[in-house]
file entry.txt (compact mmCIF, N, CA and C atoms)
# COMPACT_ATOMS: atom_id res chain seq x y z
N MET A 196 5.92 7.63 -13.59
CA MET A 196 6.91 8.53 -14.11
C MET A 196 6.59 8.91 -15.55
N ASP A 197 5.88 8.07 -16.27
CA ASP A 197 5.53 8.39 -17.65
C ASP A 197 4.70 9.65 -17.72
N SER A 198 3.78 9.83 -16.78
CA SER A 198 2.94 11.02 -16.80
C SER A 198 3.78 12.27 -16.56
N ILE A 199 4.80 12.17 -15.74
CA ILE A 199 5.68 13.30 -15.47
C ILE A 199 6.45 13.64 -16.74
N ASP A 200 7.00 12.62 -17.38
CA ASP A 200 7.75 12.85 -18.61
C ASP A 200 6.86 13.45 -19.69
N LYS A 201 5.62 13.00 -19.79
CA LYS A 201 4.69 13.56 -20.77
C LYS A 201 4.40 15.01 -20.47
N LEU A 202 4.19 15.32 -19.19
CA LEU A 202 3.91 16.69 -18.79
C LEU A 202 5.11 17.59 -19.08
N LEU A 203 6.29 17.10 -18.78
CA LEU A 203 7.50 17.87 -19.06
C LEU A 203 7.67 18.11 -20.55
N ALA A 204 7.41 17.10 -21.35
CA ALA A 204 7.51 17.25 -22.80
C ALA A 204 6.47 18.25 -23.31
N GLN A 205 5.28 18.20 -22.75
CA GLN A 205 4.22 19.13 -23.15
C GLN A 205 4.61 20.56 -22.79
N LEU A 206 5.14 20.77 -21.59
CA LEU A 206 5.58 22.10 -21.18
C LEU A 206 6.69 22.62 -22.09
N GLN A 207 7.62 21.75 -22.40
CA GLN A 207 8.72 22.15 -23.24
C GLN A 207 8.22 22.50 -24.64
N THR A 208 7.26 21.72 -25.15
CA THR A 208 6.70 22.01 -26.47
C THR A 208 5.98 23.35 -26.47
N GLU A 209 5.18 23.59 -25.45
CA GLU A 209 4.47 24.86 -25.34
C GLU A 209 5.45 26.02 -25.23
N TYR A 210 6.50 25.83 -24.47
CA TYR A 210 7.51 26.87 -24.31
C TYR A 210 8.18 27.18 -25.64
N GLN A 211 8.48 26.13 -26.40
CA GLN A 211 9.13 26.33 -27.70
C GLN A 211 8.19 26.97 -28.70
N GLU A 212 6.88 26.69 -28.59
CA GLU A 212 5.91 27.32 -29.49
C GLU A 212 5.75 28.80 -29.16
N VAL A 213 5.80 29.15 -27.89
CA VAL A 213 5.64 30.54 -27.47
C VAL A 213 6.86 31.37 -27.88
N GLN A 214 8.03 30.80 -27.82
CA GLN A 214 9.26 31.53 -28.15
C GLN A 214 9.26 32.05 -29.59
N PRO A 215 8.92 31.25 -30.63
CA PRO A 215 8.94 31.81 -31.99
C PRO A 215 7.95 32.95 -32.17
N GLU A 216 6.79 32.86 -31.51
CA GLU A 216 5.81 33.94 -31.60
C GLU A 216 6.38 35.22 -31.02
N GLN A 217 7.02 35.10 -29.87
CA GLN A 217 7.60 36.28 -29.24
C GLN A 217 8.76 36.82 -30.07
N GLN A 218 9.52 35.95 -30.71
CA GLN A 218 10.65 36.39 -31.51
C GLN A 218 10.18 37.16 -32.73
N SER A 219 9.08 36.72 -33.36
CA SER A 219 8.60 37.43 -34.54
C SER A 219 8.03 38.80 -34.17
N LYS A 220 7.41 38.90 -32.99
CA LYS A 220 6.84 40.17 -32.54
C LYS A 220 7.93 41.15 -32.14
N SER A 221 9.00 40.64 -31.60
CA SER A 221 10.05 41.54 -31.11
C SER A 221 11.35 41.35 -31.88
N ALA A 222 11.27 41.38 -33.18
CA ALA A 222 12.47 41.19 -34.00
C ALA A 222 13.45 42.34 -33.80
N THR A 223 12.93 43.54 -33.66
CA THR A 223 13.84 44.66 -33.45
C THR A 223 14.44 44.61 -32.06
N ALA A 224 13.67 44.19 -31.09
CA ALA A 224 14.19 44.11 -29.74
C ALA A 224 15.26 43.04 -29.64
N LYS A 225 15.15 42.02 -30.45
CA LYS A 225 16.10 40.90 -30.40
C LYS A 225 17.49 41.37 -30.82
N SER A 226 17.55 42.29 -31.75
CA SER A 226 18.85 42.75 -32.20
C SER A 226 19.58 43.50 -31.10
N PHE A 227 18.83 44.08 -30.17
CA PHE A 227 19.45 44.81 -29.07
C PHE A 227 19.75 43.93 -27.86
N ILE A 228 18.95 42.84 -27.69
CA ILE A 228 19.11 41.95 -26.52
C ILE A 228 19.67 40.63 -27.00
N PRO A 229 20.87 40.29 -26.58
CA PRO A 229 21.44 39.00 -27.00
C PRO A 229 20.67 37.85 -26.35
N SER A 230 20.57 36.71 -27.08
CA SER A 230 19.85 35.56 -26.53
C SER A 230 20.61 35.03 -25.33
N SER A 231 19.86 34.73 -24.30
CA SER A 231 20.48 34.36 -23.03
C SER A 231 20.39 32.86 -22.80
N PRO A 232 21.49 32.24 -22.44
CA PRO A 232 21.44 30.83 -22.09
C PRO A 232 20.74 30.63 -20.74
N LYS A 233 20.50 31.73 -20.03
CA LYS A 233 19.81 31.63 -18.75
C LYS A 233 18.38 31.13 -18.92
N SER A 234 17.72 31.48 -20.03
CA SER A 234 16.34 31.05 -20.23
C SER A 234 16.25 29.53 -20.37
N ALA A 235 17.23 28.94 -21.03
CA ALA A 235 17.24 27.48 -21.17
C ALA A 235 17.49 26.82 -19.81
N SER A 236 18.43 27.37 -19.06
CA SER A 236 18.70 26.78 -17.75
C SER A 236 17.53 27.03 -16.80
N PHE A 237 16.84 28.18 -16.95
CA PHE A 237 15.65 28.44 -16.15
C PHE A 237 14.59 27.39 -16.45
N MET A 238 14.41 27.10 -17.73
CA MET A 238 13.41 26.09 -18.13
C MET A 238 13.80 24.71 -17.59
N ASP A 239 15.08 24.40 -17.68
CA ASP A 239 15.55 23.12 -17.14
C ASP A 239 15.32 23.04 -15.64
N ASN A 240 15.59 24.14 -14.94
CA ASN A 240 15.37 24.17 -13.50
C ASN A 240 13.89 24.04 -13.17
N LEU A 241 13.06 24.73 -13.94
CA LEU A 241 11.62 24.65 -13.73
C LEU A 241 11.12 23.23 -13.96
N LEU A 242 11.58 22.62 -15.03
CA LEU A 242 11.18 21.23 -15.31
C LEU A 242 11.67 20.28 -14.23
N ALA A 243 12.87 20.51 -13.75
CA ALA A 243 13.41 19.66 -12.67
C ALA A 243 12.58 19.82 -11.40
N GLU A 244 12.16 21.05 -11.11
CA GLU A 244 11.33 21.29 -9.93
C GLU A 244 9.98 20.59 -10.05
N VAL A 245 9.38 20.69 -11.24
CA VAL A 245 8.09 20.04 -11.47
C VAL A 245 8.23 18.53 -11.32
N LYS A 246 9.30 18.00 -11.89
CA LYS A 246 9.55 16.56 -11.80
C LYS A 246 9.77 16.14 -10.35
N ALA A 247 10.51 16.94 -9.60
CA ALA A 247 10.75 16.63 -8.19
C ALA A 247 9.45 16.70 -7.38
N ASP A 248 8.60 17.68 -7.71
CA ASP A 248 7.31 17.79 -7.02
C ASP A 248 6.46 16.55 -7.27
N PHE A 249 6.42 16.09 -8.51
CA PHE A 249 5.65 14.89 -8.83
C PHE A 249 6.23 13.67 -8.13
N ALA A 250 7.54 13.57 -8.11
CA ALA A 250 8.18 12.43 -7.44
C ALA A 250 7.87 12.45 -5.95
N GLU A 251 7.89 13.65 -5.35
CA GLU A 251 7.58 13.78 -3.93
C GLU A 251 6.13 13.39 -3.67
N GLU A 252 5.25 13.83 -4.54
CA GLU A 252 3.82 13.48 -4.39
C GLU A 252 3.61 11.98 -4.53
N ASP A 253 4.29 11.37 -5.51
CA ASP A 253 4.18 9.92 -5.69
C ASP A 253 4.69 9.17 -4.46
N ALA A 254 5.79 9.66 -3.88
CA ALA A 254 6.34 9.03 -2.68
C ALA A 254 5.37 9.15 -1.51
N ALA A 255 4.72 10.30 -1.39
CA ALA A 255 3.75 10.49 -0.31
C ALA A 255 2.55 9.56 -0.48
N ILE A 256 2.10 9.41 -1.71
CA ILE A 256 0.97 8.51 -1.99
C ILE A 256 1.36 7.07 -1.67
N GLU A 257 2.56 6.68 -2.06
CA GLU A 257 3.04 5.32 -1.80
C GLU A 257 3.16 5.07 -0.30
N LEU A 258 3.66 6.05 0.44
CA LEU A 258 3.77 5.92 1.89
C LEU A 258 2.40 5.77 2.52
N LYS A 259 1.44 6.54 2.05
CA LYS A 259 0.08 6.45 2.59
C LYS A 259 -0.51 5.07 2.32
N LYS A 260 -0.28 4.53 1.11
CA LYS A 260 -0.77 3.19 0.79
C LYS A 260 -0.15 2.14 1.70
N GLN A 261 1.16 2.27 1.92
CA GLN A 261 1.84 1.31 2.80
C GLN A 261 1.31 1.38 4.22
N GLN A 262 1.04 2.59 4.70
CA GLN A 262 0.50 2.75 6.04
C GLN A 262 -0.90 2.14 6.13
N GLU A 263 -1.70 2.32 5.09
CA GLU A 263 -3.05 1.74 5.09
C GLU A 263 -2.98 0.21 5.07
N LEU A 264 -2.05 -0.33 4.28
CA LEU A 264 -1.88 -1.79 4.24
C LEU A 264 -1.43 -2.32 5.61
N GLU A 265 -0.53 -1.60 6.26
CA GLU A 265 -0.05 -2.03 7.58
C GLU A 265 -1.19 -1.98 8.60
N GLN A 266 -2.01 -0.94 8.53
CA GLN A 266 -3.15 -0.85 9.44
C GLN A 266 -4.14 -1.98 9.19
N GLU A 267 -4.36 -2.33 7.93
CA GLU A 267 -5.27 -3.43 7.61
C GLU A 267 -4.70 -4.76 8.11
N ARG A 268 -3.39 -4.94 7.97
CA ARG A 268 -2.75 -6.17 8.46
C ARG A 268 -2.91 -6.28 9.97
N ILE A 269 -2.71 -5.18 10.68
CA ILE A 269 -2.86 -5.17 12.13
C ILE A 269 -4.30 -5.48 12.51
N ARG A 270 -5.24 -4.89 11.78
CA ARG A 270 -6.66 -5.14 12.06
C ARG A 270 -7.00 -6.61 11.85
N GLN A 271 -6.46 -7.21 10.79
CA GLN A 271 -6.70 -8.63 10.51
C GLN A 271 -6.12 -9.51 11.62
N GLU A 272 -4.92 -9.15 12.09
CA GLU A 272 -4.31 -9.92 13.19
C GLU A 272 -5.15 -9.83 14.45
N GLN A 273 -5.65 -8.63 14.76
CA GLN A 273 -6.49 -8.45 15.94
C GLN A 273 -7.78 -9.26 15.81
N LEU A 274 -8.33 -9.30 14.61
CA LEU A 274 -9.53 -10.09 14.36
C LEU A 274 -9.26 -11.57 14.58
N LYS A 275 -8.11 -12.05 14.11
CA LYS A 275 -7.75 -13.46 14.30
C LYS A 275 -7.59 -13.79 15.78
N VAL A 276 -7.00 -12.88 16.54
CA VAL A 276 -6.83 -13.09 17.98
C VAL A 276 -8.19 -13.19 18.66
N LYS A 277 -9.12 -12.29 18.28
CA LYS A 277 -10.46 -12.33 18.87
C LYS A 277 -11.17 -13.64 18.52
N GLN A 278 -11.02 -14.07 17.27
CA GLN A 278 -11.65 -15.33 16.86
C GLN A 278 -11.06 -16.51 17.62
N LEU A 279 -9.76 -16.50 17.83
CA LEU A 279 -9.11 -17.57 18.58
C LEU A 279 -9.59 -17.59 20.03
N GLU A 280 -9.73 -16.41 20.63
CA GLU A 280 -10.23 -16.33 22.00
C GLU A 280 -11.65 -16.89 22.09
N ALA A 281 -12.49 -16.53 21.11
CA ALA A 281 -13.86 -17.05 21.09
C ALA A 281 -13.86 -18.56 20.92
N LEU A 282 -12.95 -19.06 20.09
CA LEU A 282 -12.84 -20.50 19.85
C LEU A 282 -12.35 -21.21 21.11
N LYS A 283 -11.47 -20.58 21.88
CA LYS A 283 -11.00 -21.16 23.14
C LYS A 283 -12.17 -21.34 24.11
N VAL A 284 -13.02 -20.31 24.17
CA VAL A 284 -14.19 -20.39 25.06
C VAL A 284 -15.09 -21.55 24.63
N GLN A 285 -15.34 -21.65 23.33
CA GLN A 285 -16.17 -22.75 22.81
C GLN A 285 -15.52 -24.10 23.11
N ALA A 286 -14.21 -24.18 22.93
CA ALA A 286 -13.50 -25.45 23.16
C ALA A 286 -13.59 -25.86 24.63
N LYS A 287 -13.44 -24.89 25.54
CA LYS A 287 -13.56 -25.21 26.97
C LYS A 287 -14.96 -25.73 27.30
N GLU A 288 -15.96 -25.07 26.73
CA GLU A 288 -17.35 -25.51 26.95
C GLU A 288 -17.56 -26.91 26.38
N TRP A 289 -17.03 -27.15 25.20
CA TRP A 289 -17.20 -28.46 24.56
C TRP A 289 -16.50 -29.55 25.38
N LEU A 290 -15.28 -29.25 25.84
CA LEU A 290 -14.55 -30.23 26.67
C LEU A 290 -15.31 -30.55 27.95
N ALA A 291 -15.96 -29.55 28.52
CA ALA A 291 -16.72 -29.78 29.75
C ALA A 291 -17.96 -30.64 29.48
N LYS A 292 -18.52 -30.57 28.31
CA LYS A 292 -19.76 -31.28 27.98
C LYS A 292 -19.53 -32.68 27.42
N VAL A 293 -18.39 -32.92 26.79
CA VAL A 293 -18.19 -34.20 26.11
C VAL A 293 -18.03 -35.33 27.15
N ASP A 294 -18.70 -36.41 26.88
CA ASP A 294 -18.61 -37.59 27.76
C ASP A 294 -17.38 -38.38 27.32
N PRO A 295 -16.39 -38.54 28.21
CA PRO A 295 -15.15 -39.23 27.81
C PRO A 295 -15.36 -40.70 27.45
N LEU A 296 -16.50 -41.30 27.86
CA LEU A 296 -16.75 -42.71 27.55
C LEU A 296 -17.64 -42.89 26.33
N SER A 297 -18.11 -41.78 25.73
CA SER A 297 -18.92 -41.89 24.51
C SER A 297 -17.98 -42.14 23.34
N SER A 298 -18.57 -42.50 22.21
CA SER A 298 -17.74 -42.75 21.03
C SER A 298 -16.99 -41.48 20.62
N GLU A 299 -17.66 -40.33 20.71
CA GLU A 299 -16.98 -39.07 20.38
C GLU A 299 -15.87 -38.78 21.39
N GLY A 300 -16.12 -39.01 22.66
CA GLY A 300 -15.13 -38.78 23.70
C GLY A 300 -13.92 -39.69 23.54
N LEU A 301 -14.16 -40.98 23.23
CA LEU A 301 -13.05 -41.91 23.01
C LEU A 301 -12.25 -41.53 21.77
N TRP A 302 -12.98 -41.16 20.72
CA TRP A 302 -12.29 -40.73 19.50
C TRP A 302 -11.43 -39.49 19.78
N PHE A 303 -12.00 -38.55 20.54
CA PHE A 303 -11.28 -37.31 20.83
C PHE A 303 -10.01 -37.59 21.65
N GLU A 304 -10.08 -38.55 22.57
CA GLU A 304 -8.90 -38.90 23.37
C GLU A 304 -7.75 -39.33 22.45
N ARG A 305 -8.08 -40.14 21.45
CA ARG A 305 -7.04 -40.58 20.48
C ARG A 305 -6.55 -39.40 19.65
N PHE A 306 -7.49 -38.55 19.25
CA PHE A 306 -7.17 -37.38 18.43
C PHE A 306 -6.26 -36.42 19.21
N ALA A 307 -6.52 -36.23 20.49
CA ALA A 307 -5.79 -35.27 21.31
C ALA A 307 -4.38 -35.71 21.65
N GLU A 308 -4.05 -36.98 21.42
CA GLU A 308 -2.72 -37.48 21.75
C GLU A 308 -1.63 -36.77 20.96
N SER A 309 -1.95 -36.28 19.77
CA SER A 309 -0.93 -35.63 18.93
C SER A 309 -0.83 -34.12 19.20
N TYR A 310 -1.53 -33.63 20.21
CA TYR A 310 -1.51 -32.20 20.54
C TYR A 310 -0.92 -32.00 21.93
N PRO A 311 -0.32 -30.85 22.18
CA PRO A 311 0.28 -30.58 23.49
C PRO A 311 -0.74 -30.54 24.62
N SER A 312 -1.98 -30.14 24.30
CA SER A 312 -3.02 -30.11 25.34
C SER A 312 -4.36 -30.46 24.71
N LYS A 313 -5.28 -30.87 25.59
CA LYS A 313 -6.63 -31.20 25.11
C LYS A 313 -7.33 -29.94 24.59
N LEU A 314 -7.02 -28.80 25.20
CA LEU A 314 -7.63 -27.55 24.76
C LEU A 314 -7.24 -27.23 23.32
N GLU A 315 -5.95 -27.38 23.00
CA GLU A 315 -5.50 -27.13 21.63
C GLU A 315 -6.13 -28.12 20.66
N ALA A 316 -6.25 -29.34 21.08
CA ALA A 316 -6.90 -30.35 20.23
C ALA A 316 -8.37 -30.00 20.02
N ALA A 317 -9.04 -29.55 21.07
CA ALA A 317 -10.45 -29.18 20.95
C ALA A 317 -10.61 -27.96 20.04
N ILE A 318 -9.70 -27.01 20.14
CA ILE A 318 -9.75 -25.83 19.27
C ILE A 318 -9.63 -26.26 17.81
N GLU A 319 -8.67 -27.12 17.55
CA GLU A 319 -8.47 -27.60 16.17
C GLU A 319 -9.68 -28.38 15.68
N TYR A 320 -10.21 -29.20 16.54
CA TYR A 320 -11.41 -30.01 16.20
C TYR A 320 -12.59 -29.11 15.86
N LEU A 321 -12.83 -28.11 16.71
CA LEU A 321 -13.97 -27.22 16.47
C LEU A 321 -13.73 -26.33 15.24
N LYS A 322 -12.50 -25.92 15.04
CA LYS A 322 -12.17 -25.08 13.88
C LYS A 322 -12.45 -25.84 12.58
N ASN A 323 -12.11 -27.11 12.57
CA ASN A 323 -12.31 -27.92 11.35
C ASN A 323 -13.76 -28.31 11.16
N ASN A 324 -14.56 -28.27 12.21
CA ASN A 324 -15.96 -28.67 12.11
C ASN A 324 -16.92 -27.50 12.00
N GLU A 325 -16.39 -26.28 11.82
CA GLU A 325 -17.27 -25.10 11.67
C GLU A 325 -17.95 -25.09 10.33

call {"tool": "encode", "arguments": {"input": "entry.txt", "output": "structure tokens"}}
result
Amino acid sequence: MDSIDKLLAQLQTEYQEVQPEQQSKSATAKSFIPSSPKSASFMDNLLAEVKADFAEEDAAIELKKQQELEQERIRQEQLKVKQLEALKVQAKEWLAKVDPLSSEGLWFERFAESYPSKLEAAIEYLKNNE
């Protein structure tokens, strides 16, 4: 919003600089034409329109950023799901290969007791050992 305020101030300054030049050139015309409060309200309306345009543009940019962030979040979630599926396949293969009477197999049996299933325990085991 600071940039909008600066732009509005700059426009107003330029407008005020142009007015004295025009007044000195048309001094005789000024005596015939009374100064109109419409020009001030026109300038205020113009500045309000410019400010509204900038606010609308800022809102559109913010919306686009939010949409991009949401798309990135969805992409990350999909990536996690794919990784979990790949890990499930590895865990199933590992469970099929492990000898339940080996030291690793006996250790895993104790480890798996705290999990709802051996597959979940194997997934956690492989995830931590990557």

call {"tool": "atom_distance", "arguments": {"input": "entry.txt", "atom1": "atom N of Glu244 of chain A", "atom2": "atom C of Tyr210 of chain A"}}
result
16.3 Å

call {"tool": "atom_distance", "arguments": {"input": "entry.txt", "atom1": "atom N of Lys283 of chain A", "atom2": "atom N of Ala316 of chain A"}}
result
10.2 Å

call {"tool": "axis_aligned_box", "arguments": {"input": "entry.txt", "around": "segment 255-266 of chain A", "padding_each_side": "8 Å", "output": "AutoDock Vina command-line options"}}
result
--center_x 0.3 --center_y 4.1 --center_z 3.7 --size_x 24.9 --size_y 28.8 --size_z 27.5
